[in-house]
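K.L.:
Below is one structure. I have some questions about it.
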There are 2 protein chains.
Amino acid sequence: MDFNDFLNHIGGWLKGTGPHADIVISSRIRLARNLEKMPFPHWAKKENSEKVLVLAESAFKRVEDLKDSLFLRLESFDSIDKQFLVERHLMSNEHAIRSNQKGLLVNPEENVAIMVNEEDHLRIQVMESGFDLDATWRAINSVDDRLSELLPYAFNADWGYLTACPTNTGTGMRGSVMLHLPALVMMRQINRVLEAIAKLSFTARGLYGEGTQASGNFFQISNQVSLGQKEEEILGNIKGVIRQIIDQEMKAREVLLAEHRELLEDRVWRSYGTLKNAHIISSNETVELLSMFRLGSDLGILKGVDRGLINELFILTQPSHLQKLENKKFSANERDIKRAQIIREKLGMNQK
Amino acid sequence: MDFNDFLNHIGGWLKGTGPHADIVISSRIRLARNLEKMPFPHWAKKENSEKVLVLAESAFKRVEDLKDSLFLRLESFDSIDKQFLVERHLMSNEHAIRSNQKGLLVNPEENVAIMVNEEDHLRIQVMESGFDLDATWRAINSVDDRLSELLPYAFNADWGYLTACPTNTGTGMRGSVMLHLPALVMMRQINRVLEAIAKLSFTARGLYGEGTQASGNFFQISNQVSLGQKEEEILGNIKGVIRQIIDQEMKAREVLLAEHRELLEDRVWRSYGTLKNAHIISSNETVELLSMFRLGSDLGILKGVDRGLINELFILTQPSHLQKLENKKFSANERDIKRAQIIREKLGMNQK
């Protein structure tokens with residue numbers, strides 16, 4: 001696998017398949033792990049961090065689940081390449097900005113990604129398409145078990161896994177689900193839902209995780225508690241909460257269809273018409289329009305649309321993707337023109 | 001000719017042909033005429049007005065140019081029918097609202113319309129497609145000459161034609177040209193142009209004449225002076241002013257194409273995309289989008305569009321037209337849905 005292979009496909013978690021794929025984009029679990037007797041990355045000297053990188057890389061090579069993965073040392077990549085990896089949800093923005101002695105492992109399907117020397121020595125992430133935290137858990141648990149045999153994890157019998165930030169101590173786990181909730185937004189019920197889950201110690205973030213705003217009606221819902229419960233209990237809680245949100249979104253969609261059908265059709269078709277015809281389009285507007293396009297497809301208003309194509313457009317129209325595609329640095333205005341062009345091409349060139 | 005024939009065609013002045021048809025929708029002249037020794041309509045008793053109506057109708061029948069015309073006594077029509085005639089630019093809103101003893105003559109091509117008992121006994125109007133005040137003048141002058149032989153016009157050797165409002169006295173003539181000036185609006189030069197023509201005693205109004213706002217970048221430019229000059233001089237002045245505005249709009253279009261091509265293409269294609277896909281659309285938005293659609297077609301950005309179709313859409317999408325088409329009274333919301341449906345049908349049903 002080579003870096004440029006990324007351009008030719010999208011991650012398996014973006015297939016648009018799996019349980020409840022009409023509402024749930026993807027399920028994600030990450031585990032924070034550290035090596036014993038090594039300072040956490042923020043306090044580590046260069047030599048320490050270098051040593052962690054080398055240990056991690058050699059361990060990754062011995063994990064069967066990670067066969068054919070790509071291991072990147074980030075200091076050798078430019079900012080467009082690194083932002084490109086952020087846009088693919090393979091690593092954090094933080095990891096892209098300060099990249100000395102930082103590494104990233106990605107498997108060929110792009111559903112496993114491991115950041116080395118981010119906030120913790122290892123941040124293992126597994127993502128799957130649709131609402132499937134069980135499969136996600138099985139996959140990440142398998143990788144983690146094997147790595148625990150190969151690397152000396154910092155683990156305390158009382159506290160569990162030790163982490164740089166105490167909020168992650170214990171299981172070191174965070175589970176999150178990316179939801180598309182346009183009907184709850186349109187029916188103005190979303191704030192009530194978000195307030196309710198906040199009381200249960202869940203948080204809602206935007207498309208790119210921590211510190212990002214919700215856009216295009218996409219919400220990443222994750223647990224806050226990692227200590228004092230077993231992994232299965234935490235995942236059980238998340239599943240319960242997500243199932244309720246899915247139910248509410250389904251009900252809101254039914255009400256929209258029954259009581260506001262014309263308004264809904266109007267928004268869906270206008271979004272489609274604009275995507276298919278715009279010649280200049282910002283990434284914000286693109287996300288908003290794709291959201292309506294996806295809803296229209298999910299509700300059968302637009303027929304024969306491939307959900308994978310919509311997901312692909314979310315990814316391809318991001319700034320660094322546009323620049324990687326053309327292998328060229330673009331100004332913001334050039335990107336808006338290029339973005340519109342790619343969307344038109346993907347949706348089928350307009351005849352008239 | 002029958003009232004319902006109107007529905008099956010659009011006026012000849014909307015063909016979208018004639019000189020400078022890319023910028024000039026239509027040329028229009030109206031003459032105010034009154035019968036001597038009869039009180040002006042606002043002061044007239046019912047019997048007087050009735051007498052004017054009868055005299056006018058019998059005179060119209062003897063004018064060769066008005067052969068096969070339809071003569072309507074407006075009190076027998078409901079408000080949708082009357083508004084329908086206003087929407088076709090065949091009579092004023094004023095004439096529709098108070099319609100006792102009011103009449104309207106329309107010729108089959110809809111380029112000649114004569115209001116009886118509006119502000120004056122006769123308001124004769126001729127409209128032609130494109131920038132052609134000479135042809136318009138020849139046509140109206142011919143009708144007026146013949147009518148002057150058949151009806152005792154109120155005329156004073158010193159003052160000229162006498163009219164209810166002194167601003168019309170003299171020639172009783174007003175010439176006006178409907179212009180489409182999107183480039184001057186987009187380049188923010190329109191106010192400078194309007195201020196300049198105001199100094200020359202010209203006024204700019206919206207699509208429906210007096211008291212209406214400019215919308216969709218359409219401006220009806222007309223002369224204010226009817227006294228102290230011969231008809232040909234007045235028309236010569238109007239032609240000179242309009243030619244200058246046409247020149248400026250052409251220059252602004254060239255600059256737009258040369259310096260803001262992407263922005264222009266974006267607006268044109270988005271307008272087209274919205275027209276082709278919206279399921280709810282107001283009449284204001286329709287006019288704005290059709291304006292951009294027309295500009296895109298006139299500049300060759302959109303190929304193979306029939307300008308007559310665009311003009312037809314301007315007319316058909318108006319409230320009373322929608323209701324006449326379906327022979328049904330609609331709420332505002334129902335009209336917005338019906339309007340979107342008709343536009344989609346006329347532009348070719350969307351496949352996806």
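As shown in the structure tokens, the chain order sets the letters A, B, ...; within each chain, residues go from 1, and ligands are also counted from 1 in the order they appear.
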Quick one: DSSP strand (DSSP E) residues in range 135-286 of chain A, as a list in words?

P.N.:
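After running DSSP on the backbone, range 135-286 of chain A has strand (DSSP E) at Phe155, Asn156, Gly160, Tyr161, Met173, Arg174, Gly175, Ser176, Val177, Met178, Leu179, His180, Phe202, Thr203, Ala204, Arg205, Phe218, Phe219, Gln220, Ile221, Ser222 and Asn223 of chain A.
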
K.L.:
Output N, CA, C and O atoms for every residue in the selection just made, as a PDB file, in the first residue's frame.

P.N.:
```pdb
ATOM      1  N   PHE A 155      -0.350  -0.182  32.825  1.00  0.00           N
ATOM      2  CA  PHE A 155      -1.629  -0.652  33.336  1.00  0.00           C
ATOM      3  C   PHE A 155      -1.519  -0.786  34.839  1.00  0.00           C
ATOM      4  O   PHE A 155      -0.523  -1.279  35.358  1.00  0.00           O
ATOM      5  N   ASN A 156      -2.550  -0.331  35.547  1.00  0.00           N
ATOM      6  CA  ASN A 156      -2.556  -0.404  36.996  1.00  0.00           C
ATOM      7  C   ASN A 156      -3.794  -1.187  37.416  1.00  0.00           C
ATOM      8  O   ASN A 156      -4.897  -0.925  36.916  1.00  0.00           O
ATOM      9  N   GLY A 160      -6.688   0.732  36.019  1.00  0.00           N
ATOM     10  CA  GLY A 160      -6.846   0.328  34.613  1.00  0.00           C
ATOM     11  C   GLY A 160      -5.738   0.913  33.760  1.00  0.00           C
ATOM     12  O   GLY A 160      -4.624   1.143  34.252  1.00  0.00           O
ATOM     13  N   TYR A 161      -6.052   1.200  32.509  1.00  0.00           N
ATOM     14  CA  TYR A 161      -5.035   1.762  31.612  1.00  0.00           C
ATOM     15  C   TYR A 161      -4.746   3.196  32.027  1.00  0.00           C
ATOM     16  O   TYR A 161      -5.666   3.983  32.268  1.00  0.00           O
ATOM     17  N   MET A 173     -11.200   3.942  26.734  1.00  0.00           N
ATOM     18  CA  MET A 173     -12.061   3.773  25.555  1.00  0.00           C
ATOM     19  C   MET A 173     -13.010   4.952  25.355  1.00  0.00           C
ATOM     20  O   MET A 173     -13.554   5.513  26.304  1.00  0.00           O
ATOM     21  N   ARG A 174     -13.182   5.287  24.142  1.00  0.00           N
ATOM     22  CA  ARG A 174     -14.307   6.163  23.792  1.00  0.00           C
ATOM     23  C   ARG A 174     -15.015   5.543  22.594  1.00  0.00           C
ATOM     24  O   ARG A 174     -14.384   5.174  21.607  1.00  0.00           O
ATOM     25  N   GLY A 175     -16.323   5.439  22.713  1.00  0.00           N
ATOM     26  CA  GLY A 175     -17.126   4.952  21.585  1.00  0.00           C
ATOM     27  C   GLY A 175     -17.898   6.121  21.017  1.00  0.00           C
ATOM     28  O   GLY A 175     -18.376   6.979  21.778  1.00  0.00           O
ATOM     29  N   SER A 176     -17.996   6.207  19.716  1.00  0.00           N
ATOM     30  CA  SER A 176     -18.801   7.293  19.158  1.00  0.00           C
ATOM     31  C   SER A 176     -19.488   6.831  17.884  1.00  0.00           C
ATOM     32  O   SER A 176     -19.050   5.893  17.215  1.00  0.00           O
ATOM     33  N   VAL A 177     -20.586   7.491  17.611  1.00  0.00           N
ATOM     34  CA  VAL A 177     -21.396   7.127  16.455  1.00  0.00           C
ATOM     35  C   VAL A 177     -21.700   8.404  15.694  1.00  0.00           C
ATOM     36  O   VAL A 177     -22.077   9.410  16.293  1.00  0.00           O
ATOM     37  N   MET A 178     -21.474   8.368  14.372  1.00  0.00           N
ATOM     38  CA  MET A 178     -21.772   9.541  13.540  1.00  0.00           C
ATOM     39  C   MET A 178     -23.176   9.399  12.989  1.00  0.00           C
ATOM     40  O   MET A 178     -23.485   8.450  12.271  1.00  0.00           O
ATOM     41  N   LEU A 179     -24.024  10.362  13.381  1.00  0.00           N
ATOM     42  CA  LEU A 179     -25.433  10.281  13.012  1.00  0.00           C
ATOM     43  C   LEU A 179     -25.811  11.404  12.059  1.00  0.00           C
ATOM     44  O   LEU A 179     -25.300  12.523  12.166  1.00  0.00           O
ATOM     45  N   HIS A 180     -26.714  11.110  11.160  1.00  0.00           N
ATOM     46  CA  HIS A 180     -27.264  12.122  10.265  1.00  0.00           C
ATOM     47  C   HIS A 180     -28.692  12.384  10.716  1.00  0.00           C
ATOM     48  O   HIS A 180     -29.562  11.514  10.595  1.00  0.00           O
ATOM     49  N   PHE A 202     -23.101  12.170  27.709  1.00  0.00           N
ATOM     50  CA  PHE A 202     -22.696  11.996  26.310  1.00  0.00           C
ATOM     51  C   PHE A 202     -22.464  13.385  25.710  1.00  0.00           C
ATOM     52  O   PHE A 202     -23.064  14.363  26.144  1.00  0.00           O
ATOM     53  N   THR A 203     -21.570  13.455  24.719  1.00  0.00           N
ATOM     54  CA  THR A 203     -21.375  14.742  24.046  1.00  0.00           C
ATOM     55  C   THR A 203     -21.646  14.576  22.562  1.00  0.00           C
ATOM     56  O   THR A 203     -21.498  13.500  21.998  1.00  0.00           O
ATOM     57  N   ALA A 204     -22.037  15.704  21.947  1.00  0.00           N
ATOM     58  CA  ALA A 204     -22.273  15.729  20.505  1.00  0.00           C
ATOM     59  C   ALA A 204     -21.274  16.690  19.891  1.00  0.00           C
ATOM     60  O   ALA A 204     -21.125  17.825  20.352  1.00  0.00           O
ATOM     61  N   ARG A 205     -20.582  16.218  18.869  1.00  0.00           N
ATOM     62  CA  ARG A 205     -19.613  17.064  18.184  1.00  0.00           C
ATOM     63  C   ARG A 205     -19.918  17.064  16.699  1.00  0.00           C
ATOM     64  O   ARG A 205     -20.808  16.363  16.229  1.00  0.00           O
ATOM     65  N   PHE A 218     -24.918  16.612  10.741  1.00  0.00           N
ATOM     66  CA  PHE A 218     -24.163  15.446  11.200  1.00  0.00           C
ATOM     67  C   PHE A 218     -23.714  15.662  12.636  1.00  0.00           C
ATOM     68  O   PHE A 218     -23.199  16.731  12.986  1.00  0.00           O
ATOM     69  N   PHE A 219     -23.917  14.647  13.452  1.00  0.00           N
ATOM     70  CA  PHE A 219     -23.573  14.741  14.863  1.00  0.00           C
ATOM     71  C   PHE A 219     -22.800  13.495  15.256  1.00  0.00           C
ATOM     72  O   PHE A 219     -23.248  12.377  14.990  1.00  0.00           O
ATOM     73  N   GLN A 220     -21.656  13.727  15.894  1.00  0.00           N
ATOM     74  CA  GLN A 220     -20.870  12.607  16.390  1.00  0.00           C
ATOM     75  C   GLN A 220     -21.139  12.523  17.884  1.00  0.00           C
ATOM     76  O   GLN A 220     -20.755  13.393  18.659  1.00  0.00           O
ATOM     77  N   ILE A 221     -21.830  11.470  18.281  1.00  0.00           N
ATOM     78  CA  ILE A 221     -22.239  11.307  19.675  1.00  0.00           C
ATOM     79  C   ILE A 221     -21.269  10.344  20.348  1.00  0.00           C
ATOM     80  O   ILE A 221     -21.054   9.236  19.835  1.00  0.00           O
ATOM     81  N   SER A 222     -20.692  10.753  21.481  1.00  0.00           N
ATOM     82  CA  SER A 222     -19.748   9.837  22.138  1.00  0.00           C
ATOM     83  C   SER A 222     -19.912   9.850  23.651  1.00  0.00           C
ATOM     84  O   SER A 222     -20.486  10.775  24.232  1.00  0.00           O
ATOM     85  N   ASN A 223     -19.401   8.778  24.256  1.00  0.00           N
ATOM     86  CA  ASN A 223     -19.467   8.695  25.724  1.00  0.00           C
ATOM     87  C   ASN A 223     -18.356   9.521  26.351  1.00  0.00           C
ATOM     88  O   ASN A 223     -17.303   9.736  25.754  1.00  0.00           O
TER      89      ASN A 223
END
```

K.L.:
Pick out the chain A residues within 8 Å of chain B. Count only C-alpha atoms. Give them as an mmCIF file with N, CA, C and O atoms, in the first residue's frame.

P.N.:
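Okay, iface.cif is ready:
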```
data_model
loop_
_atom_site.group_PDB
_atom_site.id
_atom_site.type_symbol
_atom_site.label_atom_id
_atom_site.label_comp_id
_atom_site.auth_asym_id
_atom_site.auth_seq_id
_atom_site.Cartn_x
_atom_site.Cartn_y
_atom_site.Cartn_z
ATOM 1 N N GLU A 262 -44.352 18.605 0.797
ATOM 2 C CA GLU A 262 -43.954 19.538 -0.266
ATOM 3 C C GLU A 262 -42.701 20.316 0.118
ATOM 4 O O GLU A 262 -41.812 20.526 -0.696
ATOM 5 N N LEU A 263 -42.677 20.777 1.366
ATOM 6 C CA LEU A 263 -41.538 21.549 1.846
ATOM 7 C C LEU A 263 -40.268 20.699 1.784
ATOM 8 O O LEU A 263 -39.203 21.161 1.371
ATOM 9 N N GLU A 265 -39.767 17.952 -0.121
ATOM 10 C CA GLU A 265 -39.410 17.697 -1.522
ATOM 11 C C GLU A 265 -38.739 18.926 -2.123
ATOM 12 O O GLU A 265 -37.771 18.810 -2.873
ATOM 13 N N ASP A 266 -39.271 20.081 -1.776
ATOM 14 C CA ASP A 266 -38.684 21.315 -2.306
ATOM 15 C C ASP A 266 -37.225 21.447 -1.878
ATOM 16 O O ASP A 266 -36.346 21.707 -2.694
ATOM 17 N N ARG A 267 -36.960 21.232 -0.593
ATOM 18 C CA ARG A 267 -35.576 21.373 -0.103
ATOM 19 C C ARG A 267 -34.653 20.337 -0.717
ATOM 20 O O ARG A 267 -33.523 20.632 -1.097
ATOM 21 N N TRP A 269 -35.031 18.624 -3.626
ATOM 22 C CA TRP A 269 -34.810 18.834 -5.059
ATOM 23 C C TRP A 269 -33.982 20.088 -5.329
ATOM 24 O O TRP A 269 -33.158 20.114 -6.236
ATOM 25 N N ARG A 270 -34.226 21.140 -4.546
ATOM 26 C CA ARG A 270 -33.400 22.348 -4.732
ATOM 27 C C ARG A 270 -31.938 22.035 -4.439
ATOM 28 O O ARG A 270 -31.039 22.520 -5.126
ATOM 29 N N TYR A 272 -30.434 19.179 -4.705
ATOM 30 C CA TYR A 272 -29.940 18.397 -5.837
ATOM 31 C C TYR A 272 -29.658 19.315 -7.036
ATOM 32 O O TYR A 272 -28.590 19.235 -7.665
ATOM 33 N N GLY A 273 -30.601 20.204 -7.335
ATOM 34 C CA GLY A 273 -30.432 21.113 -8.477
ATOM 35 C C GLY A 273 -29.219 22.005 -8.324
ATOM 36 O O GLY A 273 -28.504 22.282 -9.290
ATOM 37 N N THR A 274 -28.968 22.464 -7.106
ATOM 38 C CA THR A 274 -27.815 23.339 -6.887
ATOM 39 C C THR A 274 -26.518 22.545 -6.998
ATOM 40 O O THR A 274 -25.561 22.990 -7.643
ATOM 41 N N LYS A 276 -25.965 19.962 -8.739
ATOM 42 C CA LYS A 276 -25.777 19.551 -10.121
ATOM 43 C C LYS A 276 -25.433 20.733 -11.027
ATOM 44 O O LYS A 276 -24.994 20.520 -12.161
ATOM 45 N N ASN A 277 -25.664 21.954 -10.559
ATOM 46 C CA ASN A 277 -25.492 23.097 -11.452
ATOM 47 C C ASN A 277 -24.520 24.176 -10.976
ATOM 48 O O ASN A 277 -24.100 24.999 -11.787
ATOM 49 N N ALA A 278 -24.201 24.210 -9.693
ATOM 50 C CA ALA A 278 -23.336 25.291 -9.198
ATOM 51 C C ALA A 278 -21.981 25.246 -9.889
ATOM 52 O O ALA A 278 -21.490 24.172 -10.249
ATOM 53 N N HIS A 279 -21.389 26.406 -10.070
ATOM 54 C CA HIS A 279 -20.038 26.497 -10.638
ATOM 55 C C HIS A 279 -19.037 27.013 -9.616
ATOM 56 O O HIS A 279 -17.835 27.026 -9.863
ATOM 57 N N ILE A 280 -19.532 27.497 -8.488
ATOM 58 C CA ILE A 280 -18.675 27.924 -7.374
ATOM 59 C C ILE A 280 -19.394 27.465 -6.113
ATOM 60 O O ILE A 280 -20.570 27.778 -5.934
ATOM 61 N N LEU A 302 -35.576 11.033 -3.962
ATOM 62 C CA LEU A 302 -34.674 10.891 -5.106
ATOM 63 C C LEU A 302 -34.410 9.397 -5.283
ATOM 64 O O LEU A 302 -34.008 8.728 -4.335
ATOM 65 N N LYS A 303 -34.654 8.908 -6.479
ATOM 66 C CA LYS A 303 -34.524 7.467 -6.717
ATOM 67 C C LYS A 303 -33.145 7.131 -7.293
ATOM 68 O O LYS A 303 -32.553 7.915 -8.022
ATOM 69 N N GLY A 304 -32.714 5.921 -6.990
ATOM 70 C CA GLY A 304 -31.532 5.381 -7.664
ATOM 71 C C GLY A 304 -30.227 6.066 -7.329
ATOM 72 O O GLY A 304 -29.293 6.028 -8.114
ATOM 73 N N ILE A 337 -14.311 26.556 -7.123
ATOM 74 C CA ILE A 337 -14.618 26.262 -8.531
ATOM 75 C C ILE A 337 -14.372 24.776 -8.819
ATOM 76 O O ILE A 337 -15.205 24.095 -9.422
ATOM 77 N N LYS A 352 -28.037 20.242 -20.399
ATOM 78 C CA LYS A 352 -28.474 21.518 -21.015
ATOM 79 C C LYS A 352 -27.423 22.592 -20.845
ATOM 80 O O LYS A 352 -26.976 22.853 -19.752
#
```

K.L.:
Tell me, as a PyMOL selection string, which residues lie within 12 Å of Glu326 in chain A, counting only C-alpha atoms; anything in the same chain fewer than 6 positions away does not count.

P.N.:
chain A and resi 7+80+316-317+319-320+334-335+338-339+342

K.L.:
Would you pick out the contacts of range 49-57 of chain B at 10 Å or less, using only C-alpha atoms, so that residues sharing its chain but fewer than 5 positions from it are not included, and give the list as JSON, numbers by chain?

P.N.:
{"B": [34, 35, 38, 39, 40, 41, 42, 43, 44, 62, 71, 72, 73, 100, 101, 102, 103, 104, 105, 114, 115, 116, 117, 121, 122, 147, 150, 151, 152]}

K.L.:
Using only C-alpha atoms, pick whichever of A:Thr163, A:Ile10, A:Leu313, A:Ile238 has the shortest atom-to-atom distance to Leu347 in chain A.

P.N.:
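Nearest to Leu347 in chain A: A:Leu313.
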
K.L.:
What are the DSSP helix (DSSP H, G or I) residues of range 108-277 of chain A, as an MDAnalysis selection string?

P.N.:
chainID A and resid 133:150 166:168 182:186 190:199 231:259 261:277

K.L.:
Any idea what's packed within 12 Å of Ala157 in chain B, counting only C-alpha atoms, ignoring anything in its chain fewer than 6 positions away? Could you give it as a PDB file with N, CA and C atoms, in the first residue's frame?

P.N.:
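Result file is selection_2.pdb:
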```
ATOM      1  N   THR B 169     -51.721  66.185 -20.881  1.00  0.00           N
ATOM      2  CA  THR B 169     -52.224  67.086 -21.911  1.00  0.00           C
ATOM      3  C   THR B 169     -51.140  67.334 -22.969  1.00  0.00           C
ATOM      4  N   GLY B 170     -51.599  67.648 -24.196  1.00  0.00           N
ATOM      5  CA  GLY B 170     -50.661  67.903 -25.299  1.00  0.00           C
ATOM      6  C   GLY B 170     -50.761  66.769 -26.286  1.00  0.00           C
ATOM      7  N   THR B 171     -49.724  65.959 -26.330  1.00  0.00           N
ATOM      8  CA  THR B 171     -49.780  64.788 -27.216  1.00  0.00           C
ATOM      9  C   THR B 171     -50.601  63.659 -26.598  1.00  0.00           C
TER      10      THR B 171
END
```
